[in-house]
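> run_25.cif is the file, holding mmCIF, N, CA and C atoms:
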data_input
loop_
_atom_site.label_atom_id
_atom_site.label_comp_id
_atom_site.auth_asym_id
_atom_site.auth_seq_id
_atom_site.Cartn_x
_atom_site.Cartn_y
_atom_site.Cartn_z
N PRO A 240 19.72 4.11 17.55
CA PRO A 240 19.16 4.66 18.78
C PRO A 240 18.17 5.79 18.55
N ASP A 241 18.23 6.43 17.39
CA ASP A 241 17.30 7.53 17.12
C ASP A 241 16.78 7.42 15.69
N GLU A 242 15.75 8.21 15.43
CA GLU A 242 15.08 8.16 14.13
C GLU A 242 16.03 8.43 12.97
N ALA A 243 16.88 9.43 13.11
CA ALA A 243 17.80 9.78 12.04
C ALA A 243 18.75 8.63 11.72
N THR A 244 19.23 7.95 12.74
CA THR A 244 20.14 6.82 12.53
C THR A 244 19.42 5.66 11.86
N ARG A 245 18.19 5.38 12.31
CA ARG A 245 17.42 4.29 11.70
C ARG A 245 17.10 4.61 10.24
N SER A 246 16.77 5.85 9.96
CA SER A 246 16.51 6.26 8.57
C SER A 246 17.77 6.15 7.72
N ALA A 247 18.91 6.54 8.28
CA ALA A 247 20.17 6.43 7.55
C ALA A 247 20.49 4.95 7.28
N GLY A 248 20.20 4.10 8.24
CA GLY A 248 20.40 2.66 8.04
C GLY A 248 19.53 2.12 6.92
N LEU A 249 18.29 2.57 6.87
CA LEU A 249 17.40 2.15 5.79
C LEU A 249 17.90 2.64 4.44
N ASP A 250 18.43 3.87 4.41
CA ASP A 250 19.00 4.39 3.16
C ASP A 250 20.18 3.52 2.72
N ALA A 251 20.99 3.09 3.68
CA ALA A 251 22.14 2.24 3.36
C ALA A 251 21.67 0.89 2.81
N PHE A 252 20.65 0.30 3.46
CA PHE A 252 20.12 -0.96 2.96
C PHE A 252 19.55 -0.79 1.55
N SER A 253 18.87 0.32 1.32
CA SER A 253 18.30 0.58 0.01
C SER A 253 19.39 0.66 -1.04
N ALA A 254 20.47 1.33 -0.71
CA ALA A 254 21.59 1.47 -1.65
C ALA A 254 22.27 0.14 -1.93
N MET A 255 22.17 -0.81 -0.99
CA MET A 255 22.80 -2.12 -1.17
C MET A 255 22.07 -2.99 -2.18
N GLY A 256 20.83 -2.67 -2.44
CA GLY A 256 20.05 -3.49 -3.36
C GLY A 256 19.90 -4.92 -2.86
N GLU A 257 20.10 -5.88 -3.75
CA GLU A 257 19.92 -7.30 -3.43
C GLU A 257 20.80 -7.77 -2.27
N LYS A 258 21.93 -7.11 -2.07
CA LYS A 258 22.84 -7.51 -0.99
C LYS A 258 22.22 -7.29 0.38
N ALA A 259 21.14 -6.54 0.45
CA ALA A 259 20.47 -6.28 1.73
C ALA A 259 19.50 -7.40 2.11
N LYS A 260 19.23 -8.34 1.20
CA LYS A 260 18.25 -9.40 1.47
C LYS A 260 18.49 -10.15 2.77
N PRO A 261 19.74 -10.49 3.11
CA PRO A 261 19.95 -11.22 4.37
C PRO A 261 19.51 -10.42 5.61
N HIS A 262 19.30 -9.14 5.44
CA HIS A 262 18.91 -8.26 6.56
C HIS A 262 17.43 -7.92 6.54
N ALA A 263 16.65 -8.62 5.72
CA ALA A 263 15.23 -8.31 5.57
C ALA A 263 14.48 -8.36 6.89
N ALA A 264 14.81 -9.30 7.76
CA ALA A 264 14.11 -9.40 9.05
C ALA A 264 14.35 -8.15 9.90
N LYS A 265 15.58 -7.63 9.86
CA LYS A 265 15.89 -6.41 10.61
C LYS A 265 15.12 -5.22 10.03
N ILE A 266 15.03 -5.19 8.71
CA ILE A 266 14.29 -4.12 8.05
C ILE A 266 12.81 -4.23 8.39
N ALA A 267 12.28 -5.44 8.32
CA ALA A 267 10.85 -5.66 8.63
C ALA A 267 10.53 -5.26 10.06
N ALA A 268 11.47 -5.44 10.97
CA ALA A 268 11.23 -5.04 12.37
C ALA A 268 10.95 -3.55 12.47
N LEU A 269 11.48 -2.77 11.53
CA LEU A 269 11.26 -1.32 11.55
C LEU A 269 9.87 -0.92 11.07
N LEU A 270 9.09 -1.89 10.60
CA LEU A 270 7.69 -1.60 10.26
C LEU A 270 6.89 -1.25 11.51
N LYS A 271 7.43 -1.57 12.68
CA LYS A 271 6.76 -1.27 13.95
C LYS A 271 7.40 -0.10 14.68
N ASP A 272 8.26 0.64 14.00
CA ASP A 272 8.95 1.76 14.60
C ASP A 272 7.97 2.84 15.04
N ASP A 273 8.36 3.64 16.01
CA ASP A 273 7.52 4.74 16.48
C ASP A 273 7.39 5.85 15.45
N SER A 274 8.37 5.99 14.58
CA SER A 274 8.39 7.06 13.59
C SER A 274 7.70 6.65 12.30
N ALA A 275 6.75 7.46 11.86
CA ALA A 275 6.06 7.20 10.59
C ALA A 275 7.04 7.23 9.43
N ASP A 276 8.03 8.13 9.49
CA ASP A 276 9.02 8.21 8.41
C ASP A 276 9.85 6.93 8.34
N VAL A 277 10.21 6.39 9.47
CA VAL A 277 10.99 5.15 9.49
C VAL A 277 10.14 3.99 8.97
N ARG A 278 8.87 3.94 9.39
CA ARG A 278 7.98 2.87 8.90
C ARG A 278 7.84 2.95 7.38
N THR A 279 7.65 4.17 6.87
CA THR A 279 7.52 4.36 5.42
C THR A 279 8.82 3.97 4.72
N GLY A 280 9.95 4.33 5.30
CA GLY A 280 11.25 3.96 4.72
C GLY A 280 11.43 2.45 4.69
N ALA A 281 11.03 1.78 5.75
CA ALA A 281 11.14 0.31 5.80
C ALA A 281 10.26 -0.32 4.73
N ILE A 282 9.07 0.22 4.53
CA ILE A 282 8.18 -0.28 3.48
C ILE A 282 8.88 -0.17 2.13
N GLY A 283 9.47 0.97 1.87
CA GLY A 283 10.15 1.19 0.59
C GLY A 283 11.30 0.22 0.36
N VAL A 284 12.09 -0.03 1.38
CA VAL A 284 13.21 -0.96 1.24
C VAL A 284 12.70 -2.38 1.00
N LEU A 285 11.68 -2.78 1.73
CA LEU A 285 11.13 -4.13 1.55
C LEU A 285 10.52 -4.32 0.16
N VAL A 286 9.89 -3.29 -0.36
CA VAL A 286 9.36 -3.36 -1.72
C VAL A 286 10.53 -3.48 -2.71
N GLY A 287 11.59 -2.70 -2.48
CA GLY A 287 12.77 -2.78 -3.34
C GLY A 287 13.39 -4.17 -3.34
N LEU A 288 13.31 -4.85 -2.19
CA LEU A 288 13.83 -6.21 -2.08
C LEU A 288 12.83 -7.25 -2.57
N LYS A 289 11.64 -6.78 -2.92
CA LYS A 289 10.55 -7.67 -3.34
C LYS A 289 10.25 -8.74 -2.28
N ASP A 290 10.30 -8.30 -1.03
CA ASP A 290 10.05 -9.22 0.10
C ASP A 290 8.55 -9.37 0.31
N ASN A 291 8.00 -10.45 -0.21
CA ASN A 291 6.57 -10.71 0.00
C ASN A 291 6.38 -11.95 0.87
N SER A 292 7.26 -12.06 1.85
CA SER A 292 7.14 -13.17 2.80
C SER A 292 5.82 -13.03 3.56
N PRO A 293 5.29 -14.14 4.05
CA PRO A 293 4.01 -14.07 4.78
C PRO A 293 4.05 -13.09 5.96
N GLU A 294 5.19 -13.01 6.64
CA GLU A 294 5.30 -12.10 7.79
C GLU A 294 5.19 -10.65 7.34
N VAL A 295 5.86 -10.31 6.26
CA VAL A 295 5.84 -8.93 5.77
C VAL A 295 4.44 -8.59 5.24
N VAL A 296 3.85 -9.50 4.49
CA VAL A 296 2.50 -9.26 3.97
C VAL A 296 1.51 -9.07 5.12
N GLN A 297 1.63 -9.89 6.15
CA GLN A 297 0.73 -9.77 7.30
C GLN A 297 0.90 -8.41 7.98
N GLU A 298 2.14 -7.99 8.17
CA GLU A 298 2.38 -6.70 8.83
C GLU A 298 1.90 -5.55 7.96
N LEU A 299 2.17 -5.62 6.66
CA LEU A 299 1.70 -4.56 5.75
C LEU A 299 0.18 -4.49 5.73
N SER A 300 -0.47 -5.65 5.78
CA SER A 300 -1.94 -5.67 5.82
C SER A 300 -2.46 -4.96 7.06
N ALA A 301 -1.83 -5.24 8.19
CA ALA A 301 -2.23 -4.59 9.44
C ALA A 301 -1.99 -3.08 9.36
N MET A 302 -0.87 -2.71 8.75
CA MET A 302 -0.56 -1.28 8.63
C MET A 302 -1.53 -0.58 7.68
N ALA A 303 -1.92 -1.25 6.60
CA ALA A 303 -2.81 -0.64 5.62
C ALA A 303 -4.17 -0.32 6.21
N SER A 304 -4.57 -1.07 7.20
CA SER A 304 -5.89 -0.82 7.79
C SER A 304 -5.83 -0.13 9.15
N GLY A 305 -4.67 -0.18 9.82
CA GLY A 305 -4.70 0.32 11.18
C GLY A 305 -3.55 1.19 11.63
N ASP A 306 -2.63 1.56 10.74
CA ASP A 306 -1.54 2.42 11.18
C ASP A 306 -2.09 3.78 11.58
N ALA A 307 -1.46 4.39 12.56
CA ALA A 307 -1.91 5.70 13.06
C ALA A 307 -1.71 6.81 12.03
N ASP A 308 -0.81 6.61 11.09
CA ASP A 308 -0.49 7.63 10.09
C ASP A 308 -1.11 7.24 8.74
N LYS A 309 -1.92 8.13 8.17
CA LYS A 309 -2.60 7.82 6.90
C LYS A 309 -1.63 7.61 5.75
N ASN A 310 -0.51 8.35 5.75
CA ASN A 310 0.48 8.17 4.69
C ASN A 310 1.12 6.79 4.78
N VAL A 311 1.36 6.32 5.98
CA VAL A 311 1.91 4.98 6.16
C VAL A 311 0.88 3.95 5.70
N GLN A 312 -0.39 4.18 6.04
CA GLN A 312 -1.44 3.27 5.59
C GLN A 312 -1.45 3.15 4.08
N GLU A 313 -1.38 4.27 3.40
CA GLU A 313 -1.40 4.26 1.93
C GLU A 313 -0.14 3.61 1.37
N SER A 314 1.01 3.89 1.98
CA SER A 314 2.25 3.26 1.52
C SER A 314 2.19 1.75 1.68
N ALA A 315 1.63 1.29 2.78
CA ALA A 315 1.51 -0.14 3.02
C ALA A 315 0.57 -0.77 1.99
N LEU A 316 -0.52 -0.09 1.70
CA LEU A 316 -1.48 -0.61 0.72
C LEU A 316 -0.84 -0.71 -0.67
N VAL A 317 -0.15 0.34 -1.08
CA VAL A 317 0.54 0.33 -2.37
C VAL A 317 1.58 -0.80 -2.40
N ALA A 318 2.30 -0.96 -1.29
CA ALA A 318 3.32 -2.02 -1.21
C ALA A 318 2.69 -3.39 -1.41
N LEU A 319 1.54 -3.62 -0.81
CA LEU A 319 0.86 -4.91 -1.00
C LEU A 319 0.59 -5.16 -2.47
N GLY A 320 0.12 -4.14 -3.17
CA GLY A 320 -0.13 -4.29 -4.60
C GLY A 320 1.15 -4.54 -5.38
N GLU A 321 2.19 -3.80 -5.05
CA GLU A 321 3.46 -3.94 -5.76
C GLU A 321 4.14 -5.28 -5.49
N LEU A 322 3.89 -5.84 -4.31
CA LEU A 322 4.50 -7.12 -3.95
C LEU A 322 3.67 -8.31 -4.43
N GLY A 323 2.55 -8.04 -5.08
CA GLY A 323 1.73 -9.12 -5.61
C GLY A 323 0.87 -9.81 -4.56
N ALA A 324 0.68 -9.17 -3.43
CA ALA A 324 -0.18 -9.72 -2.37
C ALA A 324 -1.61 -9.26 -2.66
N ASN A 325 -2.17 -9.75 -3.75
CA ASN A 325 -3.43 -9.24 -4.27
C ASN A 325 -4.59 -9.39 -3.29
N ASP A 326 -4.69 -10.53 -2.61
CA ASP A 326 -5.80 -10.71 -1.67
C ASP A 326 -5.76 -9.66 -0.57
N ALA A 327 -4.58 -9.44 -0.01
CA ALA A 327 -4.44 -8.44 1.05
C ALA A 327 -4.66 -7.04 0.50
N PHE A 328 -4.19 -6.79 -0.71
CA PHE A 328 -4.38 -5.48 -1.35
C PHE A 328 -5.88 -5.21 -1.55
N VAL A 329 -6.58 -6.18 -2.09
CA VAL A 329 -8.02 -6.03 -2.35
C VAL A 329 -8.78 -5.82 -1.04
N LYS A 330 -8.43 -6.59 -0.02
CA LYS A 330 -9.10 -6.45 1.28
C LYS A 330 -8.91 -5.04 1.84
N GLY A 331 -7.68 -4.52 1.75
CA GLY A 331 -7.41 -3.17 2.24
C GLY A 331 -8.16 -2.12 1.44
N CYS A 332 -8.20 -2.31 0.12
CA CYS A 332 -8.93 -1.38 -0.75
C CYS A 332 -10.41 -1.37 -0.43
N LYS A 333 -10.99 -2.56 -0.25
CA LYS A 333 -12.43 -2.64 0.06
C LYS A 333 -12.76 -1.89 1.33
N ALA A 334 -11.91 -2.04 2.33
CA ALA A 334 -12.16 -1.36 3.60
C ALA A 334 -12.22 0.16 3.41
N ILE A 335 -11.35 0.67 2.58
CA ILE A 335 -11.32 2.12 2.35
C ILE A 335 -12.47 2.55 1.44
N LEU A 336 -12.71 1.78 0.38
CA LEU A 336 -13.75 2.16 -0.58
C LEU A 336 -15.16 2.13 0.01
N THR A 337 -15.36 1.33 1.03
CA THR A 337 -16.67 1.28 1.67
C THR A 337 -16.76 2.23 2.87
N GLY A 338 -15.68 2.96 3.12
CA GLY A 338 -15.66 3.91 4.22
C GLY A 338 -16.20 5.28 3.81
N ASP A 339 -16.00 6.27 4.67
CA ASP A 339 -16.57 7.59 4.45
C ASP A 339 -15.56 8.66 4.02
N ASP A 340 -14.28 8.34 4.01
CA ASP A 340 -13.25 9.34 3.74
C ASP A 340 -13.04 9.48 2.23
N ALA A 341 -13.57 10.55 1.66
CA ALA A 341 -13.52 10.76 0.20
C ALA A 341 -12.09 10.90 -0.30
N GLU A 342 -11.24 11.56 0.45
CA GLU A 342 -9.85 11.73 0.02
C GLU A 342 -9.13 10.38 -0.04
N ARG A 343 -9.34 9.56 0.97
CA ARG A 343 -8.71 8.22 0.97
C ARG A 343 -9.27 7.38 -0.17
N LYS A 344 -10.58 7.48 -0.41
CA LYS A 344 -11.17 6.74 -1.54
C LYS A 344 -10.52 7.15 -2.84
N SER A 345 -10.36 8.44 -3.04
CA SER A 345 -9.76 8.95 -4.26
C SER A 345 -8.33 8.42 -4.42
N ASN A 346 -7.56 8.46 -3.35
CA ASN A 346 -6.19 7.95 -3.40
C ASN A 346 -6.15 6.46 -3.72
N VAL A 347 -7.06 5.71 -3.13
CA VAL A 347 -7.10 4.27 -3.38
C VAL A 347 -7.52 3.97 -4.81
N ILE A 348 -8.47 4.72 -5.33
CA ILE A 348 -8.89 4.50 -6.72
C ILE A 348 -7.72 4.77 -7.66
N MET A 349 -6.96 5.83 -7.40
CA MET A 349 -5.78 6.10 -8.23
C MET A 349 -4.77 4.96 -8.12
N THR A 350 -4.58 4.44 -6.93
CA THR A 350 -3.66 3.33 -6.73
C THR A 350 -4.12 2.10 -7.51
N ILE A 351 -5.40 1.81 -7.42
CA ILE A 351 -5.96 0.65 -8.14
C ILE A 351 -5.74 0.83 -9.64
N ASP A 352 -5.99 2.04 -10.12
CA ASP A 352 -5.86 2.32 -11.55
C ASP A 352 -4.41 2.18 -12.01
N GLN A 353 -3.46 2.44 -11.13
CA GLN A 353 -2.04 2.38 -11.50
C GLN A 353 -1.46 0.97 -11.40
N MET A 354 -2.16 0.06 -10.76
CA MET A 354 -1.65 -1.31 -10.64
C MET A 354 -1.66 -1.97 -12.02
N PRO A 355 -0.62 -2.74 -12.32
CA PRO A 355 -0.61 -3.43 -13.62
C PRO A 355 -1.71 -4.49 -13.67
N GLY A 356 -2.16 -4.77 -14.85
CA GLY A 356 -3.20 -5.78 -15.01
C GLY A 356 -4.55 -5.26 -14.56
N LYS A 357 -5.52 -6.14 -14.61
CA LYS A 357 -6.87 -5.72 -14.21
C LYS A 357 -7.45 -6.57 -13.09
N GLU A 358 -6.61 -7.40 -12.46
CA GLU A 358 -7.11 -8.26 -11.38
C GLU A 358 -7.73 -7.47 -10.24
N SER A 359 -7.06 -6.40 -9.86
CA SER A 359 -7.57 -5.59 -8.74
C SER A 359 -8.90 -4.93 -9.09
N VAL A 360 -9.00 -4.41 -10.31
CA VAL A 360 -10.24 -3.77 -10.74
C VAL A 360 -11.36 -4.81 -10.78
N THR A 361 -11.05 -6.00 -11.29
CA THR A 361 -12.05 -7.06 -11.35
C THR A 361 -12.54 -7.41 -9.94
N ALA A 362 -11.59 -7.55 -9.01
CA ALA A 362 -11.95 -7.93 -7.64
C ALA A 362 -12.72 -6.83 -6.92
N LEU A 363 -12.54 -5.60 -7.35
CA LEU A 363 -13.18 -4.45 -6.69
C LEU A 363 -14.28 -3.83 -7.55
N LYS A 364 -14.72 -4.56 -8.55
CA LYS A 364 -15.69 -4.04 -9.50
C LYS A 364 -16.96 -3.52 -8.83
N ALA A 365 -17.52 -4.28 -7.92
CA ALA A 365 -18.77 -3.87 -7.26
C ALA A 365 -18.60 -2.56 -6.50
N GLU A 366 -17.50 -2.44 -5.78
CA GLU A 366 -17.25 -1.21 -5.02
C GLU A 366 -17.03 -0.03 -5.95
N LEU A 367 -16.26 -0.25 -7.02
CA LEU A 367 -16.00 0.83 -7.97
C LEU A 367 -17.27 1.25 -8.70
N GLU A 368 -18.11 0.28 -9.06
CA GLU A 368 -19.38 0.61 -9.72
C GLU A 368 -20.29 1.41 -8.81
N ALA A 369 -20.30 1.06 -7.53
CA ALA A 369 -21.13 1.82 -6.57
C ALA A 369 -20.65 3.27 -6.47
N ILE A 370 -19.34 3.46 -6.47
CA ILE A 370 -18.79 4.82 -6.40
C ILE A 370 -19.05 5.55 -7.72
N ALA A 371 -18.91 4.84 -8.84
CA ALA A 371 -19.13 5.44 -10.16
C ALA A 371 -20.56 5.94 -10.31
N GLY A 372 -21.50 5.31 -9.63
CA GLY A 372 -22.89 5.73 -9.70
C GLY A 372 -23.29 6.67 -8.58
N GLY A 373 -22.32 7.09 -7.78
CA GLY A 373 -22.61 7.94 -6.63
C GLY A 373 -22.71 9.41 -6.98
N SER A 374 -22.96 10.22 -5.96
CA SER A 374 -23.19 11.65 -6.16
C SER A 374 -21.91 12.49 -6.16
N ASP A 375 -20.81 11.95 -5.69
CA ASP A 375 -19.55 12.69 -5.70
C ASP A 375 -18.95 12.58 -7.10
N GLU A 376 -19.02 13.67 -7.86
CA GLU A 376 -18.61 13.64 -9.26
C GLU A 376 -17.14 13.27 -9.46
N ASP A 377 -16.27 13.82 -8.60
CA ASP A 377 -14.85 13.53 -8.74
C ASP A 377 -14.56 12.05 -8.50
N LEU A 378 -15.15 11.50 -7.44
CA LEU A 378 -14.95 10.08 -7.16
C LEU A 378 -15.57 9.22 -8.25
N ALA A 379 -16.74 9.61 -8.74
CA ALA A 379 -17.40 8.84 -9.79
C ALA A 379 -16.54 8.81 -11.05
N THR A 380 -15.96 9.95 -11.40
CA THR A 380 -15.10 10.01 -12.59
C THR A 380 -13.87 9.13 -12.41
N ALA A 381 -13.26 9.18 -11.23
CA ALA A 381 -12.08 8.35 -10.97
C ALA A 381 -12.43 6.86 -11.03
N ALA A 382 -13.56 6.49 -10.44
CA ALA A 382 -13.99 5.09 -10.45
C ALA A 382 -14.28 4.62 -11.87
N LYS A 383 -14.92 5.46 -12.65
CA LYS A 383 -15.20 5.10 -14.05
C LYS A 383 -13.90 4.91 -14.83
N GLY A 384 -12.92 5.74 -14.53
CA GLY A 384 -11.62 5.61 -15.18
C GLY A 384 -10.96 4.27 -14.85
N ALA A 385 -11.04 3.86 -13.60
CA ALA A 385 -10.46 2.58 -13.19
C ALA A 385 -11.22 1.42 -13.85
N LEU A 386 -12.54 1.55 -13.93
CA LEU A 386 -13.35 0.48 -14.53
C LEU A 386 -13.08 0.31 -16.02
N LYS A 387 -12.54 1.34 -16.68
CA LYS A 387 -12.22 1.23 -18.11
C LYS A 387 -11.19 0.14 -18.38
N LYS A 388 -10.42 -0.24 -17.36
CA LYS A 388 -9.44 -1.32 -17.53
C LYS A 388 -10.13 -2.65 -17.90
N LEU A 389 -11.39 -2.76 -17.55
CA LEU A 389 -12.12 -4.00 -17.81
C LEU A 389 -12.64 -4.09 -19.24
N GLU A 390 -12.55 -3.00 -19.96
CA GLU A 390 -13.08 -2.98 -21.34
C GLU A 390 -12.10 -3.62 -22.31
#
What's the structure tokens form of this structure?

Amino acid sequence: PDEATRSAGLDAFSAMGEKAKPHAAKIAALLKDDSADVRTGAIGVLVGLKDNSPEVVQELSAMASGDADKNVQESALVALGELGANDAFVKGCKAILTGDDAERKSNVIMTIDQMPGKESVTALKAELEAIAGGSDEDLATAAKGALKKLE
């Protein structure tokens, strides 16, 4: 009935590990909760369950680009990468990298750099190269660092 109870429920599901899988739909429903903390908690539990069902990926994609809370947006984007939803992850990254928010760009570049493998860097090479050649030194350095994965 309240945020604290929903958060406690998510903590319980998280502690259950694999035994929480039958409740994934209930957890996914909390991705639409009014509380940013509850939405972030639900993302964490679903990642822990490795739930990359089409419904979850679709909701995370929507959250990565349109959630009212920037932290939830970033959590959703990271979750897409961790769940192996590479197309959705790349699409979300492109939207941010072609935008105007330098802080969000920096966070996304760090996320891209931390993803295993180089598929994401390859898919985002043009955007990263554009940033690497740009006038913002910090962003350029971060983008160049991510591009080193291709070497």
> What lies within 12 Å of Gly331 of chain A using only C-alpha atoms, ignoring chain neighbours under 3 positions off, as number ranges by chain?
A: 296-297, 299-305, 312-320, 324-328, 334-338, 343-344, 347-348, 350-351, 359, 362-363
> Within 10 Å of (-5.9, 8.0, -17.6) (file coordinates; only C-alpha atoms), which protein or nucleic acid residues are there? I'd like them as a CSV table (one decimal) with N, CA and C atoms, keeping the file's coordinate frame.

chain,number,residue,atom,x,y,z
A,349,MET,N,-7.0,5.8,-7.4
A,349,MET,CA,-5.8,6.1,-8.2
A,349,MET,C,-4.8,5.0,-8.1
A,352,ASP,N,-6.0,2.0,-10.1
A,352,ASP,CA,-5.9,2.3,-11.6
A,352,ASP,C,-4.4,2.2,-12.0
A,353,GLN,N,-3.5,2.4,-11.1
A,353,GLN,CA,-2.0,2.4,-11.5
A,353,GLN,C,-1.5,1.0,-11.4
A,381,ALA,N,-13.3,9.2,-11.2
A,381,ALA,CA,-12.1,8.4,-11.0
A,381,ALA,C,-12.4,6.9,-11.0
A,384,GLY,N,-12.9,5.7,-14.5
A,384,GLY,CA,-11.6,5.6,-15.2
A,384,GLY,C,-11.0,4.3,-14.8
A,385,ALA,N,-11.0,3.9,-13.6
A,385,ALA,CA,-10.5,2.6,-13.2
A,385,ALA,C,-11.2,1.4,-13.8
A,387,LYS,N,-12.5,1.3,-16.7
A,387,LYS,CA,-12.2,1.2,-18.1
A,387,LYS,C,-11.2,0.1,-18.4
A,388,LYS,N,-10.4,-0.2,-17.4
A,388,LYS,CA,-9.4,-1.3,-17.5
A,388,LYS,C,-10.1,-2.6,-17.9
> Once 8 Å is added on each side, what centre and edge lengths in Å to one decimal does the axis-aligned box around all listed atoms of segment 340-359 of chain A have, as AutoDock Vina command-line options?

--center_x -7.4 --center_y 1.7 --center_z -5.5 --size_x 29.7 --size_y 36.0 --size_z 35.0
> Could you go through chain A and tell me which residues DSSP, when run on the backbone, assigns to alpha helix (DSSP H), listing them as a PyMOL selection string?
chain A and resi 242-255+263-268+275-287+293-305+309-321+325-336+341-353+358-362+364-371+376-386
> Return as a ChimeraX atom specification the set of residues that the PyMOL selection byres ((chain A and resi 263-278) around 7) yields on the displayed structure.
/A:242,245-246,259-262,279-283,285,295,308,311
> Missing atoms in segment 247-253 of chain A should be modelled up to all heavy atoms and reported as a PDB file, in the coordinates of the input.

ATOM      1  N   ALA A 247      18.910   6.540   8.280  1.00  0.00           N
ATOM      2  CA  ALA A 247      20.170   6.430   7.550  1.00  0.00           C
ATOM      3  C   ALA A 247      20.490   4.950   7.280  1.00  0.00           C
ATOM      4  O   ALA A 247      20.979   4.604   6.195  1.00  0.00           O
ATOM      5  CB  ALA A 247      21.298   7.094   8.330  1.00  0.00           C
ATOM      6  N   GLY A 248      20.200   4.100   8.240  1.00  0.00           N
ATOM      7  CA  GLY A 248      20.400   2.660   8.040  1.00  0.00           C
ATOM      8  C   GLY A 248      19.530   2.120   6.920  1.00  0.00           C
ATOM      9  O   GLY A 248      19.979   1.315   6.096  1.00  0.00           O
ATOM     10  N   LEU A 249      18.290   2.570   6.870  1.00  0.00           N
ATOM     11  CA  LEU A 249      17.400   2.150   5.790  1.00  0.00           C
ATOM     12  C   LEU A 249      17.900   2.640   4.440  1.00  0.00           C
ATOM     13  O   LEU A 249      17.846   1.914   3.442  1.00  0.00           O
ATOM     14  CB  LEU A 249      15.969   2.641   6.043  1.00  0.00           C
ATOM     15  CG  LEU A 249      15.221   1.903   7.151  1.00  0.00           C
ATOM     16  CD1 LEU A 249      13.941   2.643   7.515  1.00  0.00           C
ATOM     17  CD2 LEU A 249      14.926   0.473   6.734  1.00  0.00           C
ATOM     18  N   ASP A 250      18.430   3.870   4.410  1.00  0.00           N
ATOM     19  CA  ASP A 250      19.000   4.390   3.160  1.00  0.00           C
ATOM     20  C   ASP A 250      20.180   3.520   2.720  1.00  0.00           C
ATOM     21  O   ASP A 250      20.334   3.237   1.525  1.00  0.00           O
ATOM     22  CB  ASP A 250      19.458   5.840   3.339  1.00  0.00           C
ATOM     23  CG  ASP A 250      18.304   6.814   3.496  1.00  0.00           C
ATOM     24  OD1 ASP A 250      17.156   6.457   3.148  1.00  0.00           O
ATOM     25  OD2 ASP A 250      18.555   7.946   3.978  1.00  0.00           O
ATOM     26  N   ALA A 251      20.990   3.090   3.680  1.00  0.00           N
ATOM     27  CA  ALA A 251      22.140   2.240   3.360  1.00  0.00           C
ATOM     28  C   ALA A 251      21.670   0.890   2.810  1.00  0.00           C
ATOM     29  O   ALA A 251      22.209   0.392   1.816  1.00  0.00           O
ATOM     30  CB  ALA A 251      23.017   2.039   4.591  1.00  0.00           C
ATOM     31  N   PHE A 252      20.650   0.300   3.460  1.00  0.00           N
ATOM     32  CA  PHE A 252      20.120  -0.960   2.960  1.00  0.00           C
ATOM     33  C   PHE A 252      19.550  -0.790   1.550  1.00  0.00           C
ATOM     34  O   PHE A 252      19.724  -1.633   0.682  1.00  0.00           O
ATOM     35  CB  PHE A 252      19.026  -1.508   3.883  1.00  0.00           C
ATOM     36  CG  PHE A 252      19.553  -2.209   5.103  1.00  0.00           C
ATOM     37  CD1 PHE A 252      19.027  -1.920   6.350  1.00  0.00           C
ATOM     38  CD2 PHE A 252      20.537  -3.169   5.011  1.00  0.00           C
ATOM     39  CE1 PHE A 252      19.488  -2.565   7.484  1.00  0.00           C
ATOM     40  CE2 PHE A 252      21.008  -3.829   6.136  1.00  0.00           C
ATOM     41  CZ  PHE A 252      20.485  -3.523   7.382  1.00  0.00           C
ATOM     42  N   SER A 253      18.870   0.320   1.320  1.00  0.00           N
ATOM     43  CA  SER A 253      18.300   0.580   0.010  1.00  0.00           C
ATOM     44  C   SER A 253      19.390   0.660  -1.040  1.00  0.00           C
ATOM     45  O   SER A 253      19.253   0.109  -2.142  1.00  0.00           O
ATOM     46  CB  SER A 253      17.478   1.869   0.057  1.00  0.00           C
ATOM     47  OG  SER A 253      16.877   2.122  -1.185  1.00  0.00           O
TER      48      SER A 253
END
